[in-house]
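Here's data09.txt, which has compact mmCIF, C-alpha atoms:
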```txt
# COMPACT_ATOMS: atom_id res chain seq x y z
CA MET A 5 0.00 0.00 0.00
CA ALA A 6 1.35 3.42 -1.00
CA VAL A 7 2.17 5.81 1.79
CA LEU A 8 1.06 9.41 1.26
CA PRO A 9 3.70 12.03 2.04
CA GLN A 10 3.10 13.76 5.34
CA THR A 11 1.96 17.36 4.90
CA ARG A 12 2.95 20.25 7.13
CA ALA A 13 -0.57 20.41 8.54
CA SER A 14 -0.35 16.79 9.73
CA VAL A 15 2.82 17.26 11.76
CA PRO A 16 1.85 17.39 15.44
CA PRO A 17 3.09 20.39 17.42
CA PRO A 18 6.00 19.88 19.83
CA ALA A 19 5.08 18.85 23.34
CA GLY A 20 4.21 21.83 25.50
CA ALA A 21 3.99 24.23 22.56
CA LEU A 22 1.09 26.68 22.51
CA PRO A 23 -1.18 26.41 19.48
CA ARG A 24 -0.46 29.10 16.90
CA PRO A 25 -3.49 31.31 16.23
CA ALA A 26 -4.91 31.07 12.76
CA ASP A 27 -4.19 33.94 10.40
CA GLY A 28 -6.75 36.69 11.01
CA THR A 29 -7.76 35.78 14.57
CA ARG A 30 -5.68 38.44 16.33
CA LEU A 31 -6.73 42.10 16.51
CA PRO A 32 -9.97 41.52 14.57
CA SER A 33 -10.68 45.26 14.52
CA LEU A 34 -7.82 45.68 12.02
CA ARG A 35 -9.00 43.01 9.60
CA HIS A 36 -11.00 45.37 7.41
CA ILE A 37 -8.73 48.43 7.65
CA GLY A 38 -7.85 48.63 3.97
CA PRO A 39 -5.59 51.02 2.03
CA ASN A 40 -8.58 53.31 1.44
CA TRP A 41 -8.06 54.62 4.99
CA TYR A 42 -5.10 56.65 3.72
CA ALA A 43 -7.66 58.84 1.98
CA SER A 44 -8.54 60.32 5.38
CA VAL A 45 -4.90 61.36 5.81
CA MET A 46 -4.79 62.91 2.34
CA GLY A 47 -8.05 64.76 2.88
CA THR A 48 -6.90 66.20 6.21
CA ALA A 49 -3.41 67.21 5.05
CA ILE A 50 -4.70 69.01 1.95
CA VAL A 51 -6.66 71.39 4.19
CA ALA A 52 -3.35 72.62 5.58
CA GLY A 53 -1.51 72.64 2.25
CA ALA A 54 -4.32 74.35 0.34
CA GLY A 55 -4.84 76.86 3.13
CA ALA A 56 -1.19 77.90 2.94
CA ALA A 57 -1.49 78.35 -0.84
CA LEU A 58 -4.59 80.57 -0.78
CA PRO A 59 -3.97 83.90 -2.54
CA VAL A 60 -5.85 85.83 0.17
CA GLN A 61 -5.04 86.56 3.79
CA VAL A 62 -7.58 85.37 6.36
CA PRO A 63 -7.08 86.26 10.05
CA GLY A 64 -6.42 83.18 12.15
CA LEU A 65 -6.10 80.87 9.15
CA ARG A 66 -2.41 80.15 9.69
CA ALA A 67 -2.96 79.00 13.25
CA ALA A 68 -5.94 76.87 12.22
CA ILE A 69 -4.12 75.07 9.40
CA THR A 70 -1.16 74.46 11.70
CA VAL A 71 -3.49 72.51 13.99
CA VAL A 72 -4.85 70.63 10.96
CA TRP A 73 -1.32 69.80 9.83
CA ALA A 74 -0.51 68.36 13.27
CA ALA A 75 -3.72 66.32 13.13
CA SER A 76 -2.81 64.96 9.69
CA ALA A 77 0.66 63.94 10.90
CA LEU A 78 -0.82 62.09 13.88
CA LEU A 79 -3.44 60.51 11.64
CA LEU A 80 -0.75 59.32 9.22
CA ALA A 81 1.11 57.66 12.09
CA ALA A 82 -2.10 56.01 13.32
CA VAL A 83 -3.11 54.67 9.91
CA LEU A 84 0.43 53.43 9.18
CA ALA A 85 0.37 51.56 12.49
CA ALA A 86 -3.07 50.09 11.77
CA ARG A 87 -2.06 49.04 8.27
CA THR A 88 1.13 47.44 9.61
CA GLY A 89 -0.95 45.47 12.10
CA HIS A 90 -3.29 44.51 9.28
CA TRP A 91 -0.43 43.03 7.25
CA ILE A 92 1.07 41.25 10.27
CA HIS A 93 -2.11 39.71 11.67
CA HIS A 94 -4.37 39.51 8.61
CA ARG A 95 -2.09 38.56 5.74
CA ASP A 96 -4.84 36.58 4.03
CA GLN A 97 -7.06 39.65 3.89
CA ALA A 98 -4.17 41.86 2.79
CA ARG A 99 -3.42 39.50 -0.10
CA ALA A 100 -7.12 39.42 -0.97
CA HIS A 101 -7.10 43.23 -1.16
CA LEU A 102 -4.25 43.17 -3.66
CA LEU A 103 -6.17 40.72 -5.83
CA ASP A 104 -9.42 42.70 -5.60
CA PRO A 105 -9.77 45.17 -8.51
CA ALA A 106 -12.01 47.36 -6.34
CA VAL A 107 -9.44 47.67 -3.52
CA ALA A 108 -5.98 47.38 -5.08
CA PRO A 109 -6.03 50.87 -6.69
CA PHE A 110 -6.27 52.39 -3.20
CA TYR A 111 -2.62 51.48 -2.65
CA GLY A 112 -1.93 54.72 -4.52
CA CYS A 113 -3.40 56.52 -1.50
CA LEU A 114 -0.41 55.50 0.64
CA SER A 115 1.89 57.45 -1.66
CA MET A 116 -0.34 60.52 -1.69
CA ALA A 117 -0.79 60.45 2.09
CA LEU A 118 2.99 60.51 2.60
CA LEU A 119 3.45 63.26 0.03
CA ALA A 120 0.57 65.41 1.31
CA VAL A 121 1.79 65.32 4.91
CA GLY A 122 5.37 65.96 3.78
CA GLY A 123 4.39 68.99 1.72
CA ALA A 124 2.23 70.39 4.52
CA THR A 125 5.13 69.91 6.94
CA LEU A 126 7.38 72.04 4.76
CA THR A 127 4.83 74.81 4.13
CA VAL A 128 2.98 74.85 7.45
CA GLY A 129 4.70 72.58 9.97
CA GLN A 130 7.94 74.56 9.89
CA ASP A 131 6.24 77.10 12.15
CA VAL A 132 6.29 74.40 14.83
CA VAL A 133 9.31 72.18 14.16
CA GLY A 134 11.57 74.68 12.43
CA ALA A 135 12.59 75.04 8.80
CA ARG A 136 15.48 72.57 8.94
CA ALA A 137 13.50 69.75 10.55
CA ALA A 138 10.52 70.41 8.27
CA LEU A 139 12.75 70.11 5.22
CA ALA A 140 14.24 66.85 6.48
CA VAL A 141 10.79 65.36 7.11
CA ASP A 142 9.57 66.46 3.69
CA VAL A 143 12.58 64.95 1.92
CA VAL A 144 12.05 61.59 3.64
CA LEU A 145 8.32 61.53 2.94
CA PHE A 146 8.83 62.75 -0.63
CA VAL A 147 11.32 60.00 -1.44
CA ALA A 148 9.19 57.32 0.21
CA GLY A 149 5.95 58.60 -1.31
CA THR A 150 7.41 58.87 -4.80
CA ALA A 151 8.88 55.36 -4.64
CA VAL A 152 5.56 53.92 -3.43
CA GLY A 153 3.65 55.91 -6.04
CA LEU A 154 5.80 54.72 -8.94
CA ALA A 155 5.51 51.14 -7.71
CA ALA A 156 1.73 51.42 -7.45
CA ALA A 157 1.51 53.01 -10.90
CA VAL A 158 3.15 49.89 -12.34
CA VAL A 159 2.02 47.07 -10.05
CA VAL A 160 -1.70 47.88 -9.92
CA PRO A 161 -2.18 48.10 -13.72
CA TYR A 162 -0.06 44.94 -14.04
CA LEU A 163 -2.36 43.10 -11.62
CA MET A 164 -5.38 44.40 -13.51
CA VAL A 165 -4.03 42.88 -16.71
CA VAL A 166 -2.78 39.52 -15.46
CA ARG A 167 -4.90 38.81 -12.34
CA HIS A 168 -7.90 41.11 -11.95
CA ARG A 169 -9.25 40.98 -15.49
CA PRO A 170 -12.15 43.40 -14.83
CA ALA A 171 -15.20 42.85 -16.98
CA PRO A 172 -16.03 45.31 -19.77
CA GLY A 173 -18.00 48.29 -18.56
CA THR A 174 -16.75 48.12 -14.97
CA ALA A 175 -14.24 50.98 -15.14
CA SER A 176 -14.24 52.95 -11.88
CA PRO A 177 -12.82 56.37 -10.93
CA VAL A 178 -10.73 54.57 -8.29
CA TRP A 179 -8.60 53.26 -11.15
CA LEU A 180 -7.11 56.76 -11.28
CA LEU A 181 -5.68 56.59 -7.75
CA PRO A 182 -2.37 54.83 -8.50
CA LEU A 183 -1.97 56.93 -11.65
CA VAL A 184 -2.40 60.33 -10.03
CA ALA A 185 0.15 59.60 -7.29
CA PRO A 186 3.15 60.56 -9.51
CA MET A 187 1.38 63.85 -10.28
CA VAL A 188 1.32 64.60 -6.56
CA SER A 189 5.06 63.89 -6.51
CA ALA A 190 5.51 66.37 -9.36
CA SER A 191 3.81 69.18 -7.45
CA GLN A 192 5.42 68.35 -4.11
CA GLY A 193 8.83 67.99 -5.75
CA ALA A 194 8.53 71.60 -6.89
CA LEU A 195 8.67 72.66 -3.24
CA LEU A 196 12.06 70.97 -2.89
CA VAL A 197 13.66 72.37 -6.06
CA PRO A 198 14.85 75.64 -4.42
CA HIS A 199 16.48 73.63 -1.62
CA VAL A 200 18.74 71.73 -4.02
CA PRO A 201 22.09 73.43 -4.80
CA ALA A 202 22.03 75.31 -8.10
CA GLY A 203 23.32 73.39 -11.09
CA GLN A 204 22.76 69.92 -12.50
CA GLY A 205 21.02 68.61 -9.38
CA ARG A 206 18.40 71.33 -9.25
CA GLU A 207 17.69 71.15 -12.97
CA ALA A 208 17.50 67.35 -12.83
CA LEU A 209 14.90 67.48 -10.05
CA LEU A 210 12.84 69.99 -12.02
CA MET A 211 12.94 67.81 -15.14
CA ALA A 212 12.13 64.71 -13.11
CA CYS A 213 9.03 66.46 -11.79
CA TYR A 214 7.95 67.30 -15.33
CA ALA A 215 8.53 63.65 -16.28
CA LEU A 216 6.30 62.57 -13.39
CA PHE A 217 3.73 65.10 -14.59
CA GLY A 218 3.77 63.59 -18.10
CA LEU A 219 3.67 60.02 -16.81
CA SER A 220 0.55 60.69 -14.75
CA LEU A 221 -1.17 62.89 -17.32
CA LEU A 222 -0.89 60.44 -20.21
CA ALA A 223 -1.95 57.50 -18.04
CA THR A 224 -4.97 59.51 -16.89
CA LEU A 225 -5.91 60.28 -20.49
CA VAL A 226 -6.02 56.52 -21.12
CA VAL A 227 -8.30 55.71 -18.16
CA LEU A 228 -10.63 58.73 -18.03
CA PRO A 229 -12.49 57.88 -21.27
CA LEU A 230 -13.16 54.39 -19.88
CA VAL A 231 -14.74 55.91 -16.78
CA PHE A 232 -17.02 58.21 -18.77
CA ALA A 233 -17.94 55.41 -21.18
CA ARG A 234 -18.92 53.25 -18.23
CA LEU A 235 -21.29 55.98 -17.01
CA VAL A 236 -22.82 56.56 -20.43
CA HIS A 237 -23.33 52.92 -21.36
CA HIS A 238 -24.10 51.40 -17.96
CA GLY A 239 -25.67 54.22 -15.95
CA PRO A 240 -24.75 55.74 -12.57
CA LEU A 241 -22.43 54.08 -10.11
CA PRO A 242 -23.87 52.21 -7.10
CA LEU A 243 -25.03 54.66 -4.45
CA ALA A 244 -22.14 54.04 -2.02
CA LEU A 245 -19.58 54.52 -4.79
CA THR A 246 -21.08 57.68 -6.30
CA PRO A 247 -18.78 60.05 -4.31
CA ALA A 248 -15.84 58.38 -6.08
CA LEU A 249 -16.75 60.45 -9.15
CA PHE A 250 -15.01 63.35 -7.41
CA LEU A 251 -11.73 61.42 -7.77
CA VAL A 252 -11.60 62.56 -11.41
CA LEU A 253 -10.92 66.07 -10.10
CA GLY A 254 -7.66 64.78 -8.60
CA PRO A 255 -5.54 64.54 -11.76
CA LEU A 256 -7.15 67.70 -13.14
CA GLY A 257 -6.50 69.89 -10.12
CA GLN A 258 -3.18 68.27 -9.28
CA SER A 259 -1.80 68.69 -12.79
CA THR A 260 -2.77 72.36 -12.75
CA THR A 261 -1.09 72.70 -9.37
CA ALA A 262 2.04 70.97 -10.63
CA VAL A 263 2.57 73.13 -13.71
CA ASN A 264 2.07 76.32 -11.72
CA GLN A 265 4.37 75.32 -8.84
CA LEU A 266 7.03 74.10 -11.25
CA ALA A 267 6.78 77.38 -13.16
CA ASP A 268 7.36 79.22 -9.86
CA VAL A 269 10.73 77.53 -9.32
CA ALA A 270 11.84 77.14 -12.94
CA PRO A 271 13.71 80.50 -13.14
CA GLY A 272 16.25 79.31 -10.58
CA ALA A 273 16.75 75.94 -12.23
CA VAL A 274 16.83 76.45 -16.02
CA ALA A 275 17.86 79.17 -18.46
CA ALA A 276 15.58 82.14 -19.17
CA PRO A 277 13.95 80.95 -22.43
CA TYR A 278 12.81 77.69 -20.84
CA ALA A 279 11.74 79.35 -17.59
CA SER A 280 9.52 81.76 -19.53
CA ALA A 281 8.09 78.88 -21.56
CA PHE A 282 7.26 76.94 -18.41
CA SER A 283 5.46 80.00 -17.03
CA ALA A 284 3.42 80.38 -20.21
CA PHE A 285 2.66 76.65 -20.24
CA ALA A 286 1.30 76.85 -16.69
CA VAL A 287 -1.41 79.29 -17.85
CA LEU A 288 -2.05 77.76 -21.27
CA TYR A 289 -2.50 74.33 -19.71
CA GLY A 290 -4.04 75.25 -16.39
CA VAL A 291 -6.91 77.46 -17.56
CA PRO A 292 -8.54 74.93 -19.96
CA VAL A 293 -8.05 72.06 -17.52
CA THR A 294 -9.64 74.11 -14.74
CA GLY A 295 -12.59 74.70 -17.03
CA PHE A 296 -13.01 70.96 -17.56
CA ALA A 297 -12.60 70.38 -13.81
CA LEU A 298 -15.51 72.74 -13.14
CA LEU A 299 -17.59 70.91 -15.73
CA TRP A 300 -16.84 67.57 -14.08
CA LEU A 301 -17.51 69.07 -10.63
CA ALA A 302 -20.99 70.05 -11.80
CA LEU A 303 -21.65 66.61 -13.33
CA ALA A 304 -20.34 64.70 -10.31
CA GLY A 305 -22.22 67.00 -7.95
CA ALA A 306 -25.49 66.40 -9.79
CA LEU A 307 -25.00 62.63 -9.61
CA VAL A 308 -24.17 62.83 -5.88
CA VAL A 309 -27.34 64.84 -5.23
CA ARG A 310 -29.29 62.20 -7.17
CA ALA A 311 -27.70 59.43 -5.11
CA ALA A 312 -28.40 61.28 -1.84
CA ARG A 313 -32.07 61.60 -2.77
CA GLN A 314 -32.16 57.85 -3.34
CA GLY A 315 -30.74 57.05 0.08
CA MET A 316 -26.94 57.20 -0.23
CA GLY A 317 -25.49 56.63 3.23
CA PHE A 318 -22.10 57.44 4.69
CA ALA A 319 -19.12 55.38 3.59
CA MET A 320 -15.38 55.95 3.43
CA THR A 321 -15.93 57.00 -0.19
CA TRP A 322 -17.05 60.36 1.21
CA TRP A 323 -13.35 61.21 1.60
CA ALA A 324 -13.39 61.57 -2.20
CA PHE A 325 -15.01 64.96 -1.57
CA THR A 326 -11.81 66.21 0.08
CA PHE A 327 -8.38 65.70 -1.49
CA PRO A 328 -9.50 66.06 -5.15
CA VAL A 329 -11.25 69.33 -4.32
CA GLY A 330 -8.16 70.45 -2.43
CA THR A 331 -6.04 69.97 -5.56
CA CYS A 332 -8.45 72.26 -7.40
CA VAL A 333 -7.92 74.85 -4.66
CA THR A 334 -4.15 74.77 -5.10
CA GLY A 335 -4.55 74.76 -8.90
CA ALA A 336 -6.79 77.85 -8.84
CA SER A 337 -4.41 79.54 -6.39
CA GLY A 338 -1.52 78.93 -8.79
CA LEU A 339 -3.47 80.42 -11.69
CA ALA A 340 -4.32 83.44 -9.55
CA ARG A 341 -0.58 83.99 -8.98
CA HIS A 342 0.34 83.70 -12.65
CA THR A 343 -2.58 85.56 -14.20
CA GLY A 344 -3.31 88.13 -11.50
CA LEU A 345 -7.03 87.56 -11.99
CA ASP A 346 -9.25 87.95 -8.95
CA ALA A 347 -11.65 85.42 -10.47
CA PHE A 348 -9.19 82.60 -9.81
CA ALA A 349 -8.54 83.87 -6.29
CA TRP A 350 -12.26 83.81 -5.46
CA LEU A 351 -12.62 80.40 -7.10
CA ALA A 352 -9.87 79.10 -4.82
CA VAL A 353 -11.61 80.58 -1.76
CA ALA A 354 -15.00 79.12 -2.72
CA LEU A 355 -13.53 75.67 -3.29
CA TYR A 356 -11.59 75.90 -0.02
CA VAL A 357 -14.80 76.59 1.91
CA PHE A 358 -16.31 73.48 0.31
CA LEU A 359 -13.16 71.52 1.19
CA VAL A 360 -13.25 72.51 4.86
CA ALA A 361 -16.94 71.61 5.11
CA ALA A 362 -16.36 68.26 3.39
CA VAL A 363 -13.49 67.34 5.71
CA ALA A 364 -15.51 68.34 8.76
CA VAL A 365 -18.44 66.16 7.71
CA ALA A 366 -16.35 63.19 6.57
CA GLY A 367 -14.14 63.37 9.65
CA THR A 368 -17.07 63.56 12.05
CA ARG A 369 -18.86 60.65 10.39
CA THR A 370 -15.64 58.61 10.33
CA VAL A 371 -15.08 59.07 14.05
CA GLY A 372 -18.67 58.08 14.67
CA GLY A 373 -18.25 54.99 12.51
CA LEU A 374 -15.12 53.99 14.42
CA VAL A 375 -16.80 54.42 17.78
CA SER A 376 -19.83 52.39 16.72
CA GLY A 377 -17.68 49.75 15.03
CA ALA A 378 -19.52 50.12 11.72
CA LEU A 379 -16.38 51.07 9.78
CA THR A 380 -14.29 48.20 11.14
CA ALA A 381 -16.93 45.56 10.43
CA ALA A 382 -16.92 43.40 7.31
CA PRO A 383 -17.97 45.54 4.33
CA VAL A 384 -21.43 45.10 2.89
CA PRO A 385 -21.54 44.69 -0.92
CA PRO A 386 -22.84 47.90 -2.50
CA ALA A 387 -26.38 47.98 -3.77
CA PRO A 388 -26.67 47.80 -7.55
CA ALA A 389 -27.07 50.99 -9.53
CA THR A 390 -30.63 52.10 -10.09
CA ALA A 391 -32.21 51.81 -13.49
CA ARG A 392 -31.26 54.58 -15.88
CA THR A 393 -34.86 55.31 -16.71
CA ARG A 394 -35.54 56.70 -13.25
```
Could I get this file's structure written as structure tokens?
Amino acid sequence: MAVLPQTRASVPPPAGALPRPADGTRLPSLRHIGPNWYASVMGTAIVAGAGAALPVQVPGLRAAITVVWAASALLLAAVLAARTGHWIHHRDQARAHLLDPAVAPFYGCLSMALLAVGGATLTVGQDVVGARAALAVDVVLFVAGTAVGLAAAVVVPYLMVVRHRPAPGTASPVWLLPLVAPMVSASQGALLVPHVPAGQGREALLMACYALFGLSLLATLVVLPLVFARLVHHGPLPLALTPALFLVLGPLGQSTTAVNQLADVAPGAVAAPYASAFSAFAVLYGVPVTGFALLWLALAGALVVRAARQGMGFAMTWWAFTFPVGTCVTGASGLARHTGLDAFAWLAVALYVFLVAAVAVAGTRTVGGLVSGALTAAPVPPAPATARTR
């Protein structure tokens, strides 16, 4: 009679050894803390970064955004710790997230959370920690965030091709998340350009930021038509996912921010003809893209109102109302600097008011969900989209 080879599961534990807990049985509250939680860090940090970029002076604003920056730094530490515990104690769920086409794109949020807190540290946090320490923190977070963002921009699309295989007509705005991360690096890298010694190093960093801008922009132009086609041919998104439509504003506002911030620092990095060209490009690119962003804001807003009337409840997707709108604030602020038009300044202020309100609502509801345990429970599959005829 043949003897079957003994498997690892059939080997009895050593005498006196404690049984090893099954994967996922420790710290159950962390089991469903996915990478989408980094969106709360991004949304909080952008309040500080966008507030510092506003082209108007508001009494007390600097002190308020300093508090928000500190909150975003603490929140980043908390989410990083929770996500580390998730990977240590719930590896099966973490691997399932990577293989889930609805969750994997959120790994781009880790990059943007690091970059957003780093940039806010340099522009706002230096009032607390000092300019030298703020620069050191920003450099570390910029390098880490850019590396993670580039990895996500390659790995997530690769998984979509070879493992996820999403069905036709299922394109989602969350697909943009790993692609917009390099654009955030482009805009945040502009803040570091003046701190690099003049010469080859400074010019190389500037050109690298423009390369990141192009990488993200062209990738976005590939995905965005798929998202709109999905809406046209298959109707609105499920109610819980409808706020994700605001994610389209991310690459639009962030690209406008990037070209304007890079134009600000170009004169000290490249020769005069190129510096002037970069300044002109910031306006020639930023104004039309801002126009399209306002069009999409109106469309997405109308669909959100429709979803709210049909019973859309709170979900972590509400954080999509925050960071993408914040990028439009910084984009409009940059255009106000380069054109001198008050219209862009007031647009930035109006969007910033919306941003602050959105973060206040999303933050309050998130805290309530954590206290009640609703946000750490197993997710409920979203309800199907309503018929298009209604």
Let me have the centre and edge lengths in Å, one decimal, of the box along x, y and z around every listed atom of segment 72-91 of chain A with 6 Å of margin on each side, as JSON.
```
{"center_x": -1.9, "center_y": 56.8, "center_z": 10.6, "size_x": 18.0, "size_y": 39.6, "size_z": 18.6}
```
Could you build a table of the residues in segment 80-136 of chain A lying no more than 6 Å from segment 34-50 of chain A, giving for each the nearest pair of atoms and their separation in Å rounded to one decimal place, using all atoms listed in the file, ordered by chain and ascending residue number, as a Markdown table?
```
| residue | atom | partner | partner_atom | distance |
| --- | --- | --- | --- | --- |
| A:Leu80 | CA | A:Val45 | CA | 5.7 |
| A:His90 | CA | A:Leu34 | CA | 5.4 |
| A:His94 | CA | A:Arg35 | CA | 5.9 |
| A:Phe110 | CA | A:Asn40 | CA | 5.3 |
| A:Tyr111 | CA | A:Pro39 | CA | 5.6 |
| A:Cys113 | CA | A:Tyr42 | CA | 5.5 |
| A:Leu114 | CA | A:Tyr42 | CA | 5.7 |
| A:Ala117 | CA | A:Met46 | CA | 4.7 |
| A:Ala120 | CA | A:Ala49 | CA | 5.8 |
| A:Val121 | CA | A:Ala49 | CA | 5.5 |
```
Please, could you write that set of residues out with C-alpha atoms as a PDB file, in the coordinates of the input?
```pdb
ATOM      1  CA  LEU A  80      -0.750  59.320   9.220  1.00  0.00           C
ATOM      2  CA  HIS A  90      -3.290  44.510   9.280  1.00  0.00           C
ATOM      3  CA  HIS A  94      -4.370  39.510   8.610  1.00  0.00           C
ATOM      4  CA  PHE A 110      -6.270  52.390  -3.200  1.00  0.00           C
ATOM      5  CA  TYR A 111      -2.620  51.480  -2.650  1.00  0.00           C
ATOM      6  CA  CYS A 113      -3.400  56.520  -1.500  1.00  0.00           C
ATOM      7  CA  LEU A 114      -0.410  55.500   0.640  1.00  0.00           C
ATOM      8  CA  ALA A 117      -0.790  60.450   2.090  1.00  0.00           C
ATOM      9  CA  ALA A 120       0.570  65.410   1.310  1.00  0.00           C
ATOM     10  CA  VAL A 121       1.790  65.320   4.910  1.00  0.00           C
TER      11      VAL A 121
END
```
Neighbours of Ala67 of chain A within 12 Å (only C-alpha atoms; same-chain residues fewer than 5 positions away dropped), as a PyMOL selection string? chain A and resi 52+55-56+62+72-74+128-129+131-132
Taking (6.5, 67.7, -15.4) as a centre in this file's frame and 10 Å as the limit, can you find every polymer residue with an atom that close, using all atoms listed in the file, and give them as a PDB file with C-alpha atoms, in the coordinates of the input?
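This is the output file selection05.pdb:
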```pdb
ATOM      1  CA  PRO A 186       3.150  60.560  -9.510  1.00  0.00           C
ATOM      2  CA  MET A 187       1.380  63.850 -10.280  1.00  0.00           C
ATOM      3  CA  SER A 189       5.060  63.890  -6.510  1.00  0.00           C
ATOM      4  CA  ALA A 190       5.510  66.370  -9.360  1.00  0.00           C
ATOM      5  CA  SER A 191       3.810  69.180  -7.450  1.00  0.00           C
ATOM      6  CA  GLY A 193       8.830  67.990  -5.750  1.00  0.00           C
ATOM      7  CA  ALA A 194       8.530  71.600  -6.890  1.00  0.00           C
ATOM      8  CA  LEU A 209      14.900  67.480 -10.050  1.00  0.00           C
ATOM      9  CA  LEU A 210      12.840  69.990 -12.020  1.00  0.00           C
ATOM     10  CA  MET A 211      12.940  67.810 -15.140  1.00  0.00           C
ATOM     11  CA  ALA A 212      12.130  64.710 -13.110  1.00  0.00           C
ATOM     12  CA  CYS A 213       9.030  66.460 -11.790  1.00  0.00           C
ATOM     13  CA  TYR A 214       7.950  67.300 -15.330  1.00  0.00           C
ATOM     14  CA  ALA A 215       8.530  63.650 -16.280  1.00  0.00           C
ATOM     15  CA  LEU A 216       6.300  62.570 -13.390  1.00  0.00           C
ATOM     16  CA  PHE A 217       3.730  65.100 -14.590  1.00  0.00           C
ATOM     17  CA  GLY A 218       3.770  63.590 -18.100  1.00  0.00           C
ATOM     18  CA  LEU A 219       3.670  60.020 -16.810  1.00  0.00           C
ATOM     19  CA  SER A 220       0.550  60.690 -14.750  1.00  0.00           C
ATOM     20  CA  LEU A 221      -1.170  62.890 -17.320  1.00  0.00           C
ATOM     21  CA  SER A 259      -1.800  68.690 -12.790  1.00  0.00           C
ATOM     22  CA  ALA A 262       2.040  70.970 -10.630  1.00  0.00           C
ATOM     23  CA  VAL A 263       2.570  73.130 -13.710  1.00  0.00           C
ATOM     24  CA  LEU A 266       7.030  74.100 -11.250  1.00  0.00           C
ATOM     25  CA  ALA A 267       6.780  77.380 -13.160  1.00  0.00           C
ATOM     26  CA  PHE A 282       7.260  76.940 -18.410  1.00  0.00           C
TER      27      PHE A 282
END
```
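Between atom CA of Tyr289 of chain A and atom CA of Thr260 of chain A the separation is 7.2 Å.
Across the model, the gap from atom CA of Met116 of chain A to atom CA of Ala138 of chain A is 17.7 Å.
Among the candidate residues A:Pro201, A:Leu241, A:Leu139, A:Val188, the one lying nearest to Ala175 of chain A is A:Leu241, with distances computed using all atoms listed in the file.
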Model the absent atoms of segment 41-52 of chain A so that N, CA and C atoms are present, and write the result as a CSV table (one decimal), in the frame of the given file.
```csv
chain,number,residue,atom,x,y,z
A,41,TRP,N,-8.1,53.8,3.8
A,41,TRP,CA,-8.1,54.6,5.0
A,41,TRP,C,-7.0,55.7,4.8
A,42,TYR,N,-6.1,55.6,4.0
A,42,TYR,CA,-5.1,56.6,3.7
A,42,TYR,C,-5.8,57.9,3.1
A,43,ALA,N,-6.9,57.7,2.5
A,43,ALA,CA,-7.7,58.8,2.0
A,43,ALA,C,-8.0,59.9,3.1
A,44,SER,N,-8.2,59.4,4.3
A,44,SER,CA,-8.5,60.3,5.4
A,44,SER,C,-7.3,61.2,5.7
A,45,VAL,N,-6.1,60.6,5.6
A,45,VAL,CA,-4.9,61.4,5.8
A,45,VAL,C,-4.7,62.4,4.7
A,46,MET,N,-4.9,62.0,3.5
A,46,MET,CA,-4.8,62.9,2.3
A,46,MET,C,-5.8,64.1,2.5
A,47,GLY,N,-7.0,63.7,2.8
A,47,GLY,CA,-8.0,64.8,2.9
A,47,GLY,C,-7.8,65.7,4.0
A,48,THR,N,-7.2,65.3,5.1
A,48,THR,CA,-6.9,66.2,6.2
A,48,THR,C,-5.7,67.1,5.9
A,49,ALA,N,-4.6,66.5,5.3
A,49,ALA,CA,-3.4,67.2,5.0
A,49,ALA,C,-3.6,68.3,4.0
A,50,ILE,N,-4.5,68.0,3.0
A,50,ILE,CA,-4.7,69.0,2.0
A,50,ILE,C,-5.4,70.3,2.5
A,51,VAL,N,-6.1,70.2,3.6
A,51,VAL,CA,-6.7,71.4,4.2
A,51,VAL,C,-5.5,72.4,4.6
A,52,ALA,N,-4.5,71.8,5.2
A,52,ALA,CA,-3.4,72.6,5.6
A,52,ALA,C,-2.6,73.1,4.4
```
